[in-house]
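A.B. asks: Contents are compact mmCIF, C-alpha atoms; file name data_33.txt:
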# COMPACT_ATOMS: atom_id res chain seq x y z
CA MET A 1368 -129.66 43.80 54.80
CA ARG A 1369 -131.26 40.40 54.56
CA LYS A 1370 -128.85 38.96 57.04
CA ILE A 1371 -129.56 41.39 59.82
CA THR A 1372 -133.27 41.26 59.12
CA PHE A 1373 -133.16 37.49 59.44
CA PHE A 1374 -131.20 37.72 62.62
CA LEU A 1375 -133.68 40.05 64.23
CA LEU A 1376 -136.64 38.10 62.99
CA ALA A 1377 -135.20 34.88 64.37
CA THR A 1378 -134.50 36.52 67.70
CA ILE A 1379 -137.97 37.88 68.05
CA ALA A 1380 -139.68 34.83 66.62
CA GLY A 1381 -137.78 32.86 69.28
CA LEU A 1382 -139.18 35.19 71.88
CA ILE A 1383 -142.67 34.65 70.51
CA GLY A 1384 -142.13 30.90 70.77
CA LEU A 1385 -141.03 31.31 74.35
CA PHE A 1386 -144.23 33.07 75.21
CA SER A 1387 -146.42 30.52 73.51
CA TYR A 1388 -145.52 28.20 76.40
CA ARG A 1389 -148.04 29.00 79.09
CA THR A 1390 -145.98 27.34 81.80
CA SER A 1391 -142.99 29.55 81.22
CA PHE A 1392 -145.00 32.72 80.90
CA GLY A 1393 -143.80 35.19 83.45
CA GLU A 1394 -140.65 33.39 84.57
CA ALA A 1395 -138.76 33.33 81.33
CA VAL A 1396 -138.83 37.04 80.68
CA PRO A 1397 -135.42 38.00 79.32
CA GLN A 1398 -133.86 40.80 81.30
CA SER A 1399 -132.64 43.84 79.51
CA ARG A 1400 -128.92 44.24 79.73
CA PRO A 1401 -127.09 47.53 79.57
CA ALA A 1402 -125.32 47.93 76.27
CA GLU A 1403 -122.94 50.46 74.90
CA ALA A 1404 -124.05 53.58 73.06
CA ALA A 1405 -127.75 53.18 73.71
CA THR A 1406 -130.02 55.54 71.85
CA PRO A 1407 -132.90 56.93 73.91
CA ALA A 1408 -135.80 54.50 74.11
CA PRO A 1409 -138.83 55.63 72.14
CA SER A 1410 -142.13 55.64 73.98
CA PRO A 1411 -143.92 52.36 73.41
CA THR A 1412 -147.45 52.29 72.15
CA VAL A 1413 -149.56 51.69 75.23
CA ILE A 1414 -151.96 48.83 74.74
CA ALA A 1415 -154.61 48.09 77.34
CA GLY A 1416 -153.75 44.91 79.24
CA GLY A 1417 -150.49 44.60 77.31
CA ARG A 1418 -147.21 43.40 78.79
CA LEU A 1419 -143.90 44.93 77.79
CA VAL A 1420 -140.81 42.79 77.44
CA ASP A 1421 -137.37 44.11 76.61
CA GLY A 1422 -135.28 41.64 74.64
CA ASP A 1423 -131.60 41.04 75.26
CA ALA A 1424 -129.28 43.42 73.47
CA VAL A 1425 -128.04 41.39 70.51
CA PHE A 1426 -124.44 41.96 69.43
CA THR A 1427 -123.99 41.30 65.73
CA GLU A 1428 -121.14 42.03 63.39
CA TYR A 1429 -123.22 44.99 62.23
CA GLY A 1430 -123.73 46.44 65.69
CA THR A 1431 -125.98 46.16 68.72
CA VAL A 1432 -129.73 45.96 68.55
CA GLN A 1433 -132.32 45.70 71.28
CA VAL A 1434 -136.07 45.63 70.91
CA ARG A 1435 -139.13 45.95 73.14
CA VAL A 1436 -142.08 43.72 72.42
CA THR A 1437 -145.60 44.40 73.60
CA PHE A 1438 -147.67 41.31 74.20
CA ALA A 1439 -151.42 41.53 74.39
CA GLY A 1440 -153.53 38.42 74.87
CA GLY A 1441 -150.50 36.17 74.31
CA ARG A 1442 -149.74 37.69 70.92
CA VAL A 1443 -147.26 40.29 69.79
CA ALA A 1444 -149.04 43.59 69.50
CA ASP A 1445 -146.08 45.82 68.74
CA VAL A 1446 -142.33 45.88 68.38
CA VAL A 1447 -140.20 48.95 68.93
CA ILE A 1448 -136.46 49.37 68.60
CA LEU A 1449 -134.90 50.31 71.96
CA GLN A 1450 -131.38 50.78 70.72
CA LYS A 1451 -129.31 50.38 67.62
CA HIS A 1452 -125.63 50.97 67.81
CA THR A 1453 -123.86 50.52 64.54
CA VAL A 1454 -120.27 49.60 63.88
CA HIS A 1455 -119.81 51.76 60.81
CA GLU A 1456 -121.78 53.93 58.44
CA HIS A 1457 -122.70 51.15 56.07
CA SER A 1458 -124.49 49.42 58.94
CA LEU A 1459 -126.36 52.58 59.75
CA VAL A 1460 -127.84 52.49 56.27
CA LEU A 1461 -128.68 48.82 56.77
CA ASN A 1462 -130.40 49.59 60.05
CA GLU A 1463 -132.49 52.32 58.57
CA LEU A 1464 -133.69 49.98 55.91
CA ALA A 1465 -133.94 46.83 58.00
CA LEU A 1466 -135.46 47.96 61.27
CA PRO A 1467 -138.78 49.30 60.06
CA ARG A 1468 -139.22 46.06 58.11
CA LEU A 1469 -138.49 44.06 61.22
CA ARG A 1470 -141.68 45.07 62.97
CA GLU A 1471 -143.73 44.32 59.89
CA GLN A 1472 -142.10 40.92 59.50
CA VAL A 1473 -142.57 39.87 63.11
CA LEU A 1474 -146.24 40.69 62.88
CA ASP A 1475 -146.48 38.86 59.54
CA ALA A 1476 -144.64 35.78 60.77
CA GLN A 1477 -146.86 35.49 63.82
CA SER A 1478 -150.04 35.93 61.87
CA ALA A 1479 -149.01 32.95 59.77
CA GLU A 1480 -148.56 30.75 62.89
CA VAL A 1481 -146.75 27.96 61.08
CA ASP A 1482 -145.26 24.76 62.52
CA THR A 1483 -142.50 24.44 59.96
CA VAL A 1484 -141.17 26.11 56.81
CA SER A 1485 -140.61 24.60 53.37
CA GLY A 1486 -137.98 26.31 51.25
CA ALA A 1487 -135.22 25.56 48.77
CA THR A 1488 -132.42 23.68 50.51
CA ALA A 1489 -131.36 25.77 53.47
CA THR A 1490 -127.65 25.86 54.07
CA SER A 1491 -126.50 25.50 57.65
CA ARG A 1492 -125.49 29.13 57.65
CA ALA A 1493 -128.80 30.47 56.36
CA TYR A 1494 -130.60 28.25 58.84
CA LEU A 1495 -129.15 30.08 61.82
CA ASP A 1496 -131.06 33.20 60.82
CA SER A 1497 -134.24 31.51 59.66
CA LEU A 1498 -137.79 31.34 60.91
CA GLN A 1499 -137.41 27.54 60.97
CA SER A 1500 -134.55 27.80 63.45
CA ALA A 1501 -136.65 30.09 65.65
CA ILE A 1502 -139.49 27.54 65.59
CA ASP A 1503 -137.02 24.74 66.42
CA ARG A 1504 -135.53 26.69 69.32
CA ALA A 1505 -138.96 27.42 70.74
CA HIS A 1506 -139.55 23.66 71.06
CA THR A 1507 -136.12 22.49 72.17
CA PRO A 1508 -135.81 22.00 75.93
CA MET B 1277 -163.03 26.39 73.62
CA SER B 1278 -159.79 25.94 71.75
CA PRO B 1279 -158.60 22.37 71.06
CA LEU B 1280 -156.06 20.97 73.50
CA VAL B 1281 -152.53 21.67 72.34
CA PRO B 1282 -150.44 18.49 72.67
CA PRO B 1283 -146.93 18.66 74.19
CA ARG B 1284 -144.29 19.15 71.52
CA ARG B 1285 -140.54 18.73 71.36
CA ALA B 1286 -137.93 19.38 68.67
CA TRP B 1287 -134.56 17.81 67.90
CA VAL B 1288 -132.16 19.36 65.38
CA GLU B 1289 -129.01 17.96 63.76
CA GLN B 1290 -126.84 19.05 60.86
CA ILE B 1291 -126.67 16.22 58.33
CA MET B 1292 -125.80 16.30 54.60
CA GLY B 1293 -124.74 19.92 55.11
CA MET B 1294 -128.24 20.96 56.06
CA PRO B 1295 -130.30 21.39 59.21
CA VAL B 1296 -132.64 18.49 59.90
CA SER B 1297 -135.31 19.16 62.48
CA LEU B 1298 -137.70 16.62 63.89
CA HIS B 1299 -140.73 17.72 65.90
CA LEU B 1300 -142.87 15.20 67.79
CA ARG B 1301 -146.17 15.84 69.53
CA GLY B 1302 -147.83 13.79 72.24
CA PRO B 1303 -147.14 12.42 75.69
CA GLY B 1304 -143.86 10.81 76.85
CA LEU B 1305 -141.52 12.77 74.60
CA ASP B 1306 -138.68 12.41 77.13
CA SER B 1307 -138.98 8.61 77.26
CA ALA B 1308 -136.29 6.17 76.12
CA PRO B 1309 -138.36 4.63 73.27
CA VAL B 1310 -138.96 8.10 71.80
CA ARG B 1311 -135.26 8.89 72.12
CA ARG B 1312 -134.41 5.64 70.29
CA SER B 1313 -136.78 6.49 67.40
CA VAL B 1314 -135.30 9.96 67.12
CA ASP B 1315 -131.76 8.53 67.12
CA ALA B 1316 -132.75 6.00 64.43
CA VAL B 1317 -134.06 8.78 62.17
CA PHE B 1318 -130.83 10.78 62.37
CA ALA B 1319 -128.70 7.61 62.05
CA LEU B 1320 -130.43 6.65 58.80
CA LEU B 1321 -129.86 10.11 57.34
CA ARG B 1322 -126.18 10.03 58.34
CA GLU B 1323 -125.79 6.63 56.67
CA ALA B 1324 -127.47 7.94 53.51
CA ASP B 1325 -124.98 10.81 53.53
CA ALA B 1326 -122.04 8.38 53.88
CA VAL B 1327 -123.28 6.37 50.88
CA PHE B 1328 -124.50 9.12 48.54
CA SER B 1329 -122.66 12.36 49.30
CA THR B 1330 -120.89 13.84 46.30
CA TYR B 1331 -118.97 16.06 48.73
CA ARG B 1332 -117.32 13.08 50.43
CA THR B 1333 -114.56 11.44 48.44
CA ASP B 1334 -115.09 8.16 50.31
CA SER B 1335 -118.82 7.85 49.57
CA ASP B 1336 -120.05 5.02 47.34
CA VAL B 1337 -121.26 7.53 44.74
CA SER B 1338 -117.89 9.31 44.59
CA ARG B 1339 -116.11 5.97 44.21
CA ILE B 1340 -118.54 4.91 41.46
CA ASP B 1341 -117.92 8.18 39.60
CA ARG B 1342 -114.16 7.58 39.82
CA GLY B 1343 -114.65 4.06 38.46
CA GLU B 1344 -113.42 2.45 41.70
CA LEU B 1345 -116.71 0.77 42.57
CA THR B 1346 -119.56 -0.77 40.58
CA VAL B 1347 -123.22 -0.31 41.47
CA ALA B 1348 -123.45 -4.07 42.06
CA ASP B 1349 -120.68 -3.96 44.67
CA ALA B 1350 -121.88 -0.77 46.35
CA HIS B 1351 -124.30 -0.39 49.27
CA PRO B 1352 -127.64 -1.97 48.23
CA TRP B 1353 -129.28 1.46 48.52
CA VAL B 1354 -127.30 2.60 45.47
CA ALA B 1355 -129.04 0.17 43.13
CA ASP B 1356 -132.42 1.12 44.62
CA VAL B 1357 -131.74 4.81 44.08
CA ALA B 1358 -130.35 4.22 40.57
CA ALA B 1359 -133.58 2.44 39.62
CA LEU B 1360 -135.64 5.26 41.12
CA CYS B 1361 -133.60 7.87 39.22
CA ASP B 1362 -134.44 6.08 35.97
CA GLU B 1363 -138.10 5.95 36.97
CA ALA B 1364 -138.05 9.65 37.85
CA ARG B 1365 -136.53 10.47 34.48
CA GLU B 1366 -139.36 8.62 32.71
CA HIS B 1367 -142.09 10.16 34.89
CA THR B 1368 -140.91 13.70 34.19
CA GLY B 1369 -140.28 13.43 30.46
CA GLY B 1370 -136.53 13.70 31.05
CA TRP B 1371 -136.72 16.89 33.11
CA PHE B 1372 -135.40 15.07 36.14
CA ASP B 1373 -132.05 13.53 35.21
CA ALA B 1374 -129.35 12.27 37.57
CA TRP B 1375 -126.88 12.25 34.66
CA LEU B 1376 -125.60 15.80 34.86
CA PRO B 1377 -123.77 17.48 32.00
CA ALA B 1378 -120.16 18.53 32.60
CA PRO B 1379 -118.70 21.58 30.84
CA ASP B 1380 -116.66 19.28 28.54
CA GLY B 1381 -119.83 17.56 27.32
CA ALA B 1382 -119.29 14.43 29.38
CA ARG B 1383 -121.88 13.39 31.97
CA TRP B 1384 -121.53 12.23 35.52
CA TRP B 1385 -123.98 10.47 37.79
CA ASP B 1386 -125.23 12.60 40.67
CA PRO B 1387 -128.38 11.25 42.35
CA SER B 1388 -128.38 14.07 44.96
CA GLY B 1389 -131.61 15.50 43.54
CA LEU B 1390 -133.44 12.32 44.46
CA VAL B 1391 -131.47 11.06 47.45
CA LYS B 1392 -132.59 13.73 49.86
CA GLY B 1393 -136.31 13.13 49.38
CA TRP B 1394 -135.79 9.37 49.27
CA ALA B 1395 -133.72 9.29 52.47
CA VAL B 1396 -135.99 11.63 54.40
CA GLU B 1397 -139.02 9.61 53.36
CA ARG B 1398 -137.33 6.41 54.55
CA ALA B 1399 -136.42 8.10 57.82
CA ALA B 1400 -140.03 9.23 58.25
CA GLU B 1401 -141.18 5.62 57.82
CA LEU B 1402 -139.33 4.85 61.07
CA LEU B 1403 -141.79 7.19 62.79
CA SER B 1404 -144.89 5.48 61.46
CA GLY B 1405 -147.77 5.91 63.92
CA ALA B 1406 -146.15 8.91 65.62
CA ASP B 1407 -147.33 12.52 65.39
CA PHE B 1408 -144.33 14.11 63.71
CA CYS B 1409 -142.97 16.83 61.45
CA LEU B 1410 -139.61 16.08 59.84
CA ASN B 1411 -137.99 18.99 57.99
CA ALA B 1412 -134.70 18.40 56.18
CA GLY B 1413 -133.37 21.62 54.74
CA GLY B 1414 -136.83 22.79 53.74
CA ASP B 1415 -138.29 19.47 52.55
CA VAL B 1416 -141.01 18.32 54.90
CA VAL B 1417 -142.90 15.13 55.85
CA VAL B 1418 -145.67 15.32 58.44
CA SER B 1419 -148.23 13.09 60.08
CA ALA B 1420 -150.74 14.30 62.67
CA ALA B 1421 -152.30 11.92 65.18
CA PRO B 1422 -156.10 11.64 65.28
CA GLY B 1423 -157.51 14.43 67.44
CA HIS B 1424 -154.37 16.55 67.08
CA PRO B 1425 -154.35 19.69 64.95
CA PRO B 1426 -152.92 19.34 61.43
CA TRP B 1427 -149.37 20.61 60.81
CA ARG B 1428 -149.14 24.05 59.28
CA VAL B 1429 -146.36 24.24 56.72
CA GLY B 1430 -145.29 27.70 55.65
CA VAL B 1431 -143.92 27.98 52.11
CA GLU B 1432 -141.04 30.42 51.92
CA ASP B 1433 -141.33 33.16 49.32
CA PRO B 1434 -138.33 32.37 47.08
CA ARG B 1435 -137.83 36.02 46.20
CA GLN B 1436 -137.96 37.17 49.79
CA PRO B 1437 -137.20 34.15 52.01
CA SER B 1438 -138.10 35.92 55.25
CA ARG B 1439 -141.70 35.99 54.08
CA LEU B 1440 -144.15 33.17 53.50
CA ALA B 1441 -145.79 32.84 50.11
CA GLU B 1442 -148.38 30.32 51.27
CA VAL B 1443 -149.39 28.18 54.24
CA LEU B 1444 -150.38 24.54 53.72
CA THR B 1445 -152.37 22.63 56.33
CA LEU B 1446 -151.55 18.92 56.29
CA THR B 1447 -152.74 15.94 58.32
CA SER B 1448 -150.22 13.77 56.53
CA GLY B 1449 -148.04 14.05 53.47
CA ALA B 1450 -145.03 15.85 52.11
CA VAL B 1451 -143.97 19.28 50.89
CA ALA B 1452 -140.82 19.80 48.80
CA THR B 1453 -139.41 23.04 47.47
CA SER B 1454 -136.81 23.48 44.76
CA GLY B 1455 -135.38 26.75 43.73
CA THR B 1456 -132.56 29.15 43.79
CA ALA B 1457 -133.41 31.14 46.94
CA GLN B 1458 -130.83 29.60 49.25
CA ARG B 1459 -128.16 27.99 47.11
CA GLY B 1460 -128.15 30.11 43.99
CA ALA B 1461 -128.61 28.62 40.54
CA HIS B 1462 -127.91 24.91 40.87
CA ILE B 1463 -130.73 23.38 38.85
CA VAL B 1464 -129.67 22.52 35.34
CA ASP B 1465 -131.97 22.35 32.33
CA PRO B 1466 -131.04 18.90 31.00
CA TYR B 1467 -132.03 19.83 27.45
CA ARG B 1468 -130.30 23.20 27.13
CA ARG B 1469 -127.60 22.28 29.70
CA SER B 1470 -127.83 25.66 31.32
CA THR B 1471 -129.04 26.75 34.74
CA THR B 1472 -132.68 27.61 35.16
CA ALA B 1473 -133.22 31.35 34.78
CA ASP B 1474 -136.89 32.22 34.88
CA VAL B 1475 -138.09 30.23 37.90
CA ALA B 1476 -137.46 31.47 41.45
CA GLY B 1477 -138.97 28.46 43.21
CA VAL B 1478 -141.37 25.54 42.94
CA THR B 1479 -143.18 23.89 45.84
CA VAL B 1480 -144.92 20.54 45.38
CA THR B 1481 -147.12 18.72 47.88
CA GLY B 1482 -148.49 15.18 47.85
CA PRO B 1483 -148.31 11.84 49.61
CA SER B 1484 -144.62 11.00 49.01
CA LEU B 1485 -141.67 13.30 49.66
CA ARG B 1486 -139.52 11.47 47.13
CA TRP B 1487 -141.94 12.27 44.31
CA ALA B 1488 -142.78 15.75 45.57
CA ASP B 1489 -139.04 16.49 45.49
CA VAL B 1490 -138.52 14.99 42.03
CA TYR B 1491 -141.47 16.90 40.59
CA ALA B 1492 -140.39 20.17 42.22
CA THR B 1493 -136.88 19.83 40.76
CA ALA B 1494 -138.16 18.80 37.33
CA ALA B 1495 -140.69 21.64 37.25
CA ALA B 1496 -138.03 24.19 38.26
CA ALA B 1497 -135.74 22.88 35.50
CA SER B 1498 -138.40 23.02 32.82
CA GLY B 1499 -139.32 26.67 33.35
CA VAL B 1500 -142.44 28.71 34.06
CA THR B 1501 -144.74 26.10 32.55
CA GLY B 1502 -143.21 23.44 34.81
CA LEU B 1503 -146.41 22.72 36.72
CA ASP B 1504 -147.73 21.01 33.58
CA LEU B 1505 -145.60 18.05 34.67
CA LEU B 1506 -147.92 17.51 37.64
CA ARG B 1507 -151.00 16.89 35.54
CA GLY B 1508 -152.56 13.57 36.49
CA THR B 1509 -149.95 12.75 39.12
CA GLY B 1510 -152.04 13.53 42.23
CA TYR B 1511 -149.46 16.13 43.28
CA GLU B 1512 -150.22 19.84 43.58
CA GLY B 1513 -147.79 22.70 43.18
CA MET B 1514 -147.01 26.39 43.20
CA LEU B 1515 -144.41 27.97 40.92
CA ILE B 1516 -143.08 31.47 41.51
CA GLY B 1517 -141.29 33.11 38.62
CA ARG B 1518 -138.40 35.54 38.83
CA ASP B 1519 -140.95 38.18 37.85
CA GLY B 1520 -142.84 37.40 41.06
CA ARG B 1521 -145.81 35.84 39.32
CA ALA B 1522 -147.19 32.83 41.18
CA ARG B 1523 -148.82 29.95 39.35
CA VAL B 1524 -150.68 27.21 41.19
CA THR B 1525 -152.31 23.91 40.26
CA GLU B 1526 -156.03 23.58 40.82
CA GLY B 1527 -155.84 21.83 44.20
CA PHE B 1528 -152.94 23.72 45.77
CA ALA B 1529 -153.88 25.20 49.17
CA GLY B 1530 -157.42 26.03 48.25
CA ALA B 1531 -156.58 27.32 44.74
CA PRO B 1532 -157.85 28.93 42.51
CA ARG B 1533 -157.00 32.35 43.88
Write out the structure in this file as structure tokens.

C.D. replies:
Amino acid sequence: MRKITFFLLATIAGLIGLFSYRTSFGEAVPQSRPAEAATPAPSPTVIAGGRLVDGDAVFTEYGTVQVRVTFAGGRVADVVILQKHTVHEHSLVLNELALPRLREQVLDAQSAEVDTVSGATATSRAYLDSLQSAIDRAHTP
Amino acid sequence: MSPLVPPRRAWVEQIMGMPVSLHLRGPGLDSAPVRRSVDAVFALLREADAVFSTYRTDSDVSRIDRGELTVADAHPWVADVAALCDEAREHTGGWFDAWLPAPDGARWWDPSGLVKGWAVERAAELLSGADFCLNAGGDVVVSAAPGHPPWRVGVEDPRQPSRLAEVLTLTSGAVATSGTAQRGAHIVDPYRRSTTADVAGVTVTGPSLRWADVYATAAAASGVTGLDLLRGTGYEGMLIGRDGRARVTEGFAGAPR
């Protein structure tokens, strides 16, 4: 569960980083890509003056996930899951546990607005899914 | 009016089996002198890995442990680090010890617990005067230029690493974290010779990364009262137990809470 949560958090945190660059605002919007076995998109919460961005569908070993982020005033106002296609039943359970936490974590991570993260020695593998790697990607040309 | 946000760029390399990320802020980040400084930082860390890695059979430390090389004949850094390990042992009442117990009762020399902080601190010295944030596998050194915002360092919650337990705001200084969140139990209680059980993670902040790292490791090894080791050192810390209880020193991130 932690792995997929990390993965999603990193993906979205990367997106947040992307949008913190004023110069790229508007041109760097990732396009949604059709993906297999899409579940119907839930209606997003409408926020006055908000901008909706659909993330890329992310293919993980657990299945496909795609999210829609609502930006308002340059900050993430909401995150909804557009589709979750799971490879097997175990993943379905993971999704049910992980996805609601995702939204909460994205909002938490952004409210912290940190430049870097201190933690017990990150292995290269854990790094790939970490908030630190999302921060690094947001600042790598 | 919000303060002007300076341009920022990051470089990331995998060294010593961990991600090392360097962030610089200011003008001219694409220039050749900046590139040379960045290269020098990563080169120093790679050299430290070649000398000290216990995972590389050809490193000076591995050859010393096999009896093939003496400290006197090794890279001059080895003697420096050996002296610092002894100093660290004294400063922590024996809770930091590079002489690790083997299952058969013998001991071998593994300075890894000090080398990382030492090497990253030396690498950061190459950036003196720059506005930087150097993060090596979760151990951090920062320096903010005058007029630039301080660096905000999130401290991972060791029990739930996708969350932050605290955020430190630093103009300059270091933050080191020791614990079992990422690598499992690897910190050994030098007195009982067993792995630390009741501490999930310890974060220490202060002027030097080398000492922050040593104190964090020593505090994690000594258990839930580990922050007592920081008394009078000028370093501040937070210890999170396996039970989720957080303890902080008086000056840690605006403590008491």

A.B. asks: Counting only C-alpha atoms, which residues of chain B come no farther than 9 Å from chain A, as number ranges by chain?

C.D. replies: B: 1284-1288, 1290, 1293-1295, 1297-1299, 1409-1416, 1427-1434, 1436-1440, 1442-1444, 1451-1459, 1477-1479

A.B. asks: Find the distance between atom CA of Pro1483 of chain B and atom CA of Tyr1511 of chain B and write it in Å to one decimal.

C.D. replies: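 The value is 7.7 Å.
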
A.B. asks: Which neighbours of Val1281 of chain B fall inside 10 Å, counting only C-alpha atoms, when residues of the same chain fewer than 5 positions from it are skipped, and could you give them as a list in words?

C.D. replies: Arg1301, Gly1302, His1424 and Pro1425 of chain B

A.B. asks: Would you compute the distance between atom CA of Val1310 of chain B and atom CA of Ala1421 of chain B? Give it in Å to one decimal.

C.D. replies: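 Value for the atom CA of Val1310 of chain B-atom CA of Ala1421 of chain B distance: 15.4 Å.
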
A.B. asks: Atom CA of Ser1329 of chain B and atom CA of Cys1361 of chain B, how far apart in Å?

C.D. replies: 15.5 Å

A.B. asks: Just need the box for segment 1498-1512 of chain B, edges along x, y and z, holding every atom the file lists for it with 4 Å tacked onto each side, so centre and edge lengths in Å to one decimal, as lines of an AutoDock Vina configuration file.

C.D. replies:
center_x = -145.5
center_y = 20.7
center_z = 38.1
size_x = 22.2
size_y = 24.0
size_z = 19.0

A.B. asks: May I have the residues at most 10 Å from (-134.0, 14.0, 51.2) in the file's coordinates, counting only C-alpha atoms, as number ranges by chain?

C.D. replies: A: 1488; B: 1292, 1296, 1321, 1324-1325, 1388-1399, 1411-1416, 1452, 1485-1486, 1489

A.B. asks: Nearest residue to Val1417 of chain B out of B:Leu1503, B:Leu1360, B:Val1524, B:Val1480, using only C-alpha atoms?

C.D. replies: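 Smallest distance to Val1417 of chain B is found for B:Val1480.
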
A.B. asks: Counting all atoms listed in the file, which residues have an atom no more than 7 Å from (-139.8, 34.6, 37.0) in the file's coordinates? Please list them as a list of chain:residue names.

C.D. replies: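 Using all atoms listed in the file, the matching residues come out as B:Asp1474, B:Val1475, B:Ala1476, B:Ile1516, B:Gly1517, B:Arg1518, B:Asp1519, B:Gly1520, B:Arg1521.
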